[in-house]
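Containing compact mmCIF, N, CA and C atoms: upload-v9.txt.
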```
# COMPACT_ATOMS: atom_id res chain seq x y z
N MET I 1 -79.92 -9.62 -47.47
CA MET I 1 -80.77 -10.64 -48.02
C MET I 1 -80.45 -10.80 -49.50
N ASN I 2 -80.19 -12.02 -49.93
CA ASN I 2 -79.87 -12.31 -51.33
C ASN I 2 -81.06 -13.00 -51.97
N THR I 3 -81.72 -12.30 -52.88
CA THR I 3 -82.89 -12.86 -53.57
C THR I 3 -82.56 -13.04 -55.03
N GLU I 4 -82.74 -14.26 -55.52
CA GLU I 4 -82.50 -14.54 -56.92
C GLU I 4 -83.82 -14.66 -57.65
N SER I 5 -83.86 -14.14 -58.86
CA SER I 5 -85.04 -14.32 -59.69
C SER I 5 -84.60 -14.68 -61.10
N GLN I 6 -85.44 -15.40 -61.78
CA GLN I 6 -85.14 -15.83 -63.13
C GLN I 6 -86.30 -15.42 -64.03
N ILE I 7 -85.97 -15.12 -65.26
CA ILE I 7 -86.98 -14.79 -66.25
C ILE I 7 -86.67 -15.58 -67.51
N SER I 8 -87.69 -16.13 -68.12
CA SER I 8 -87.52 -16.83 -69.39
C SER I 8 -87.65 -15.83 -70.52
N ILE I 9 -86.70 -15.87 -71.44
CA ILE I 9 -86.73 -14.99 -72.60
C ILE I 9 -86.78 -15.87 -73.85
N ASN I 10 -87.76 -15.58 -74.69
CA ASN I 10 -87.89 -16.27 -75.97
C ASN I 10 -87.39 -15.36 -77.08
N VAL I 11 -86.63 -15.94 -78.02
CA VAL I 11 -86.11 -15.19 -79.14
C VAL I 11 -86.70 -15.76 -80.42
N GLY I 12 -87.27 -14.86 -81.22
CA GLY I 12 -87.81 -15.27 -82.52
C GLY I 12 -87.04 -14.58 -83.62
N VAL I 13 -86.72 -15.34 -84.68
CA VAL I 13 -86.01 -14.78 -85.82
C VAL I 13 -86.78 -15.14 -87.08
N ASP I 14 -87.24 -14.11 -87.79
CA ASP I 14 -87.90 -14.30 -89.07
C ASP I 14 -86.84 -14.09 -90.14
N VAL I 15 -86.53 -15.16 -90.86
CA VAL I 15 -85.44 -15.14 -91.82
C VAL I 15 -85.98 -14.78 -93.20
N GLY I 16 -85.50 -13.67 -93.72
CA GLY I 16 -85.86 -13.26 -95.07
C GLY I 16 -84.61 -13.18 -95.92
N LYS I 17 -84.81 -13.02 -97.22
CA LYS I 17 -83.66 -12.98 -98.11
C LYS I 17 -82.77 -11.76 -97.86
N SER I 18 -83.39 -10.60 -97.57
CA SER I 18 -82.59 -9.38 -97.44
C SER I 18 -82.41 -8.92 -95.99
N LYS I 19 -83.25 -9.41 -95.05
CA LYS I 19 -83.15 -8.94 -93.66
C LYS I 19 -83.59 -10.02 -92.68
N LEU I 20 -83.15 -9.86 -91.43
CA LEU I 20 -83.56 -10.72 -90.33
C LEU I 20 -84.35 -9.87 -89.34
N ASP I 21 -85.58 -10.29 -89.02
CA ASP I 21 -86.38 -9.61 -88.01
C ASP I 21 -86.23 -10.40 -86.72
N ILE I 22 -85.81 -9.73 -85.65
CA ILE I 22 -85.51 -10.40 -84.38
C ILE I 22 -86.38 -9.79 -83.29
N VAL I 23 -87.02 -10.68 -82.50
CA VAL I 23 -87.90 -10.25 -81.41
C VAL I 23 -87.49 -10.99 -80.14
N LEU I 24 -87.39 -10.25 -79.02
CA LEU I 24 -87.14 -10.85 -77.71
C LEU I 24 -88.38 -10.64 -76.86
N HIS I 25 -88.99 -11.75 -76.44
CA HIS I 25 -90.23 -11.69 -75.66
C HIS I 25 -89.95 -12.28 -74.29
N PRO I 26 -90.37 -11.72 -73.22
CA PRO I 26 -91.35 -10.66 -73.01
C PRO I 26 -90.74 -9.27 -72.87
N LEU I 27 -89.53 -9.06 -73.34
CA LEU I 27 -88.87 -7.77 -73.17
C LEU I 27 -89.39 -6.71 -74.15
N ASP I 28 -90.19 -7.12 -75.12
CA ASP I 28 -90.75 -6.23 -76.13
C ASP I 28 -89.65 -5.48 -76.89
N LEU I 29 -88.56 -6.20 -77.18
CA LEU I 29 -87.48 -5.64 -77.99
C LEU I 29 -87.56 -6.26 -79.37
N HIS I 30 -87.46 -5.45 -80.39
CA HIS I 30 -87.47 -5.96 -81.76
C HIS I 30 -86.57 -5.08 -82.62
N PHE I 31 -85.88 -5.72 -83.55
CA PHE I 31 -84.99 -4.99 -84.43
C PHE I 31 -84.76 -5.80 -85.70
N GLN I 32 -84.18 -5.15 -86.70
CA GLN I 32 -83.87 -5.79 -87.96
C GLN I 32 -82.38 -5.60 -88.24
N ILE I 33 -81.81 -6.60 -88.88
CA ILE I 33 -80.44 -6.48 -89.38
C ILE I 33 -80.42 -7.02 -90.81
N PRO I 34 -79.52 -6.52 -91.63
CA PRO I 34 -79.40 -7.06 -92.98
C PRO I 34 -78.97 -8.54 -92.93
N ASN I 35 -79.47 -9.31 -93.83
CA ASN I 35 -79.11 -10.73 -93.90
C ASN I 35 -77.94 -10.90 -94.85
N ASP I 36 -76.77 -10.44 -94.39
CA ASP I 36 -75.56 -10.62 -95.16
C ASP I 36 -74.42 -10.99 -94.20
N GLU I 37 -73.35 -11.48 -94.78
CA GLU I 37 -72.25 -12.01 -93.96
C GLU I 37 -71.64 -10.95 -93.04
N ASP I 38 -71.50 -9.72 -93.50
CA ASP I 38 -70.88 -8.67 -92.68
C ASP I 38 -71.75 -8.34 -91.45
N SER I 39 -73.05 -8.40 -91.58
CA SER I 39 -73.94 -8.01 -90.49
C SER I 39 -74.12 -9.09 -89.43
N ILE I 40 -74.03 -10.35 -89.81
CA ILE I 40 -74.32 -11.41 -88.85
C ILE I 40 -73.09 -12.04 -88.21
N LEU I 41 -71.91 -11.59 -88.59
CA LEU I 41 -70.69 -12.12 -87.95
C LEU I 41 -70.34 -11.37 -86.72
```
Starting from the file, lay out its structure as structure tokens.
Amino acid sequence: MNTESQISINVGVDVGKSKLDIVLHPLDLHFQIPNDEDSIL
């Protein structure tokens, strides 16, 4: 039996001068990365 399911994931990004706060909902994952060219490439 092949059962397919889909889940909607929303991504939020709070943009700050020195860091980016990233949240994935409803997975309850959140993390920060520096807001500089080396980190976001």
List as a PyMOL selection string: which residues have an atom within 12 Å of (-88.6, -11.3, -65.0), counting only C-alpha atoms?
chain I and resi 4-9+25-27
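For the pair atom N of Glu37 (chain I) and atom N of Asn10 (chain I), the separation is 25.1 Å.
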Quick one: residues within 8 Å of Lys17 (chain I), all atoms listed in the file, excluding same-chain residues fewer than 5 positions away - as a PyMOL selection string?
chain I and resi 34-36
Find the distance between CA of Phe31 (chain I) and atom N of Val15 (chain I) and write it in Å to one decimal.
12.1 Å
Members of chain I assigned strand (DSSP E or B) by DSSP, as a VMD selection string:
chain I and resid 10 to 15 19 to 25 29 to 34
Within 5 Å of Val23 (chain I), counting only N, CA and C atoms, which residues qualify if same-chain residues fewer than 6 places away don't, as an mmCIF file with N, CA and C atoms, keeping the file's coordinate frame?
```
data_model
loop_
_atom_site.group_PDB
_atom_site.id
_atom_site.type_symbol
_atom_site.label_atom_id
_atom_site.label_comp_id
_atom_site.auth_asym_id
_atom_site.auth_seq_id
_atom_site.Cartn_x
_atom_site.Cartn_y
_atom_site.Cartn_z
ATOM 1 N N VAL I 11 -86.630 -15.940 -78.020
ATOM 2 C CA VAL I 11 -86.110 -15.190 -79.140
ATOM 3 C C VAL I 11 -86.700 -15.760 -80.420
ATOM 4 N N GLY I 12 -87.270 -14.860 -81.220
ATOM 5 C CA GLY I 12 -87.810 -15.270 -82.520
ATOM 6 C C GLY I 12 -87.040 -14.580 -83.620
ATOM 7 N N LEU I 29 -88.560 -6.200 -77.180
ATOM 8 C CA LEU I 29 -87.480 -5.640 -77.990
ATOM 9 C C LEU I 29 -87.560 -6.260 -79.370
ATOM 10 N N HIS I 30 -87.460 -5.450 -80.390
ATOM 11 C CA HIS I 30 -87.470 -5.960 -81.760
ATOM 12 C C HIS I 30 -86.570 -5.080 -82.620
#
```
As an mmCIF file, keeping the file's coordinate frame, please: region 1-20 of chain I completed to N, CA, C and O atoms.
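See part_14.cif below for the written result:
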```
data_model
loop_
_atom_site.group_PDB
_atom_site.id
_atom_site.type_symbol
_atom_site.label_atom_id
_atom_site.label_comp_id
_atom_site.auth_asym_id
_atom_site.auth_seq_id
_atom_site.Cartn_x
_atom_site.Cartn_y
_atom_site.Cartn_z
ATOM 1 N N MET I 1 -79.920 -9.620 -47.470
ATOM 2 C CA MET I 1 -80.770 -10.640 -48.020
ATOM 3 C C MET I 1 -80.450 -10.800 -49.500
ATOM 4 O O MET I 1 -80.435 -9.826 -50.248
ATOM 5 N N ASN I 2 -80.190 -12.020 -49.930
ATOM 6 C CA ASN I 2 -79.870 -12.310 -51.330
ATOM 7 C C ASN I 2 -81.060 -13.000 -51.970
ATOM 8 O O ASN I 2 -81.387 -14.125 -51.652
ATOM 9 N N THR I 3 -81.720 -12.300 -52.880
ATOM 10 C CA THR I 3 -82.890 -12.860 -53.570
ATOM 11 C C THR I 3 -82.560 -13.040 -55.030
ATOM 12 O O THR I 3 -82.131 -12.110 -55.698
ATOM 13 N N GLU I 4 -82.740 -14.260 -55.520
ATOM 14 C CA GLU I 4 -82.500 -14.540 -56.920
ATOM 15 C C GLU I 4 -83.820 -14.660 -57.650
ATOM 16 O O GLU I 4 -84.782 -15.193 -57.115
ATOM 17 N N SER I 5 -83.860 -14.140 -58.860
ATOM 18 C CA SER I 5 -85.040 -14.320 -59.690
ATOM 19 C C SER I 5 -84.600 -14.680 -61.100
ATOM 20 O O SER I 5 -83.508 -14.331 -61.537
ATOM 21 N N GLN I 6 -85.440 -15.400 -61.780
ATOM 22 C CA GLN I 6 -85.140 -15.830 -63.130
ATOM 23 C C GLN I 6 -86.300 -15.420 -64.030
ATOM 24 O O GLN I 6 -87.448 -15.388 -63.602
ATOM 25 N N ILE I 7 -85.970 -15.120 -65.260
ATOM 26 C CA ILE I 7 -86.980 -14.790 -66.250
ATOM 27 C C ILE I 7 -86.670 -15.580 -67.510
ATOM 28 O O ILE I 7 -85.504 -15.716 -67.897
ATOM 29 N N SER I 8 -87.690 -16.130 -68.120
ATOM 30 C CA SER I 8 -87.520 -16.830 -69.390
ATOM 31 C C SER I 8 -87.650 -15.830 -70.520
ATOM 32 O O SER I 8 -88.575 -15.027 -70.547
ATOM 33 N N ILE I 9 -86.700 -15.870 -71.440
ATOM 34 C CA ILE I 9 -86.730 -14.990 -72.600
ATOM 35 C C ILE I 9 -86.780 -15.870 -73.850
ATOM 36 O O ILE I 9 -85.957 -16.765 -74.019
ATOM 37 N N ASN I 10 -87.760 -15.580 -74.690
ATOM 38 C CA ASN I 10 -87.890 -16.270 -75.970
ATOM 39 C C ASN I 10 -87.390 -15.360 -77.080
ATOM 40 O O ASN I 10 -87.691 -14.168 -77.087
ATOM 41 N N VAL I 11 -86.630 -15.940 -78.020
ATOM 42 C CA VAL I 11 -86.110 -15.190 -79.140
ATOM 43 C C VAL I 11 -86.700 -15.760 -80.420
ATOM 44 O O VAL I 11 -86.645 -16.963 -80.655
ATOM 45 N N GLY I 12 -87.270 -14.860 -81.220
ATOM 46 C CA GLY I 12 -87.810 -15.270 -82.520
ATOM 47 C C GLY I 12 -87.040 -14.580 -83.620
ATOM 48 O O GLY I 12 -86.716 -13.401 -83.525
ATOM 49 N N VAL I 13 -86.720 -15.340 -84.680
ATOM 50 C CA VAL I 13 -86.010 -14.780 -85.820
ATOM 51 C C VAL I 13 -86.780 -15.140 -87.080
ATOM 52 O O VAL I 13 -86.983 -16.323 -87.382
ATOM 53 N N ASP I 14 -87.240 -14.110 -87.790
ATOM 54 C CA ASP I 14 -87.900 -14.300 -89.070
ATOM 55 C C ASP I 14 -86.840 -14.090 -90.140
ATOM 56 O O ASP I 14 -86.287 -13.005 -90.291
ATOM 57 N N VAL I 15 -86.530 -15.160 -90.860
ATOM 58 C CA VAL I 15 -85.440 -15.140 -91.820
ATOM 59 C C VAL I 15 -85.980 -14.780 -93.200
ATOM 60 O O VAL I 15 -86.825 -15.482 -93.743
ATOM 61 N N GLY I 16 -85.500 -13.670 -93.720
ATOM 62 C CA GLY I 16 -85.860 -13.260 -95.070
ATOM 63 C C GLY I 16 -84.610 -13.180 -95.920
ATOM 64 O O GLY I 16 -83.494 -13.270 -95.425
ATOM 65 N N LYS I 17 -84.810 -13.020 -97.220
ATOM 66 C CA LYS I 17 -83.660 -12.980 -98.110
ATOM 67 C C LYS I 17 -82.770 -11.760 -97.860
ATOM 68 O O LYS I 17 -81.556 -11.866 -97.866
ATOM 69 N N SER I 18 -83.390 -10.600 -97.570
ATOM 70 C CA SER I 18 -82.590 -9.380 -97.440
ATOM 71 C C SER I 18 -82.410 -8.920 -95.990
ATOM 72 O O SER I 18 -81.534 -8.112 -95.718
ATOM 73 N N LYS I 19 -83.250 -9.410 -95.050
ATOM 74 C CA LYS I 19 -83.150 -8.940 -93.660
ATOM 75 C C LYS I 19 -83.590 -10.020 -92.680
ATOM 76 O O LYS I 19 -84.296 -10.955 -93.037
ATOM 77 N N LEU I 20 -83.150 -9.860 -91.430
ATOM 78 C CA LEU I 20 -83.560 -10.720 -90.330
ATOM 79 C C LEU I 20 -84.350 -9.870 -89.340
ATOM 80 O O LEU I 20 -83.873 -8.828 -88.903
#
```
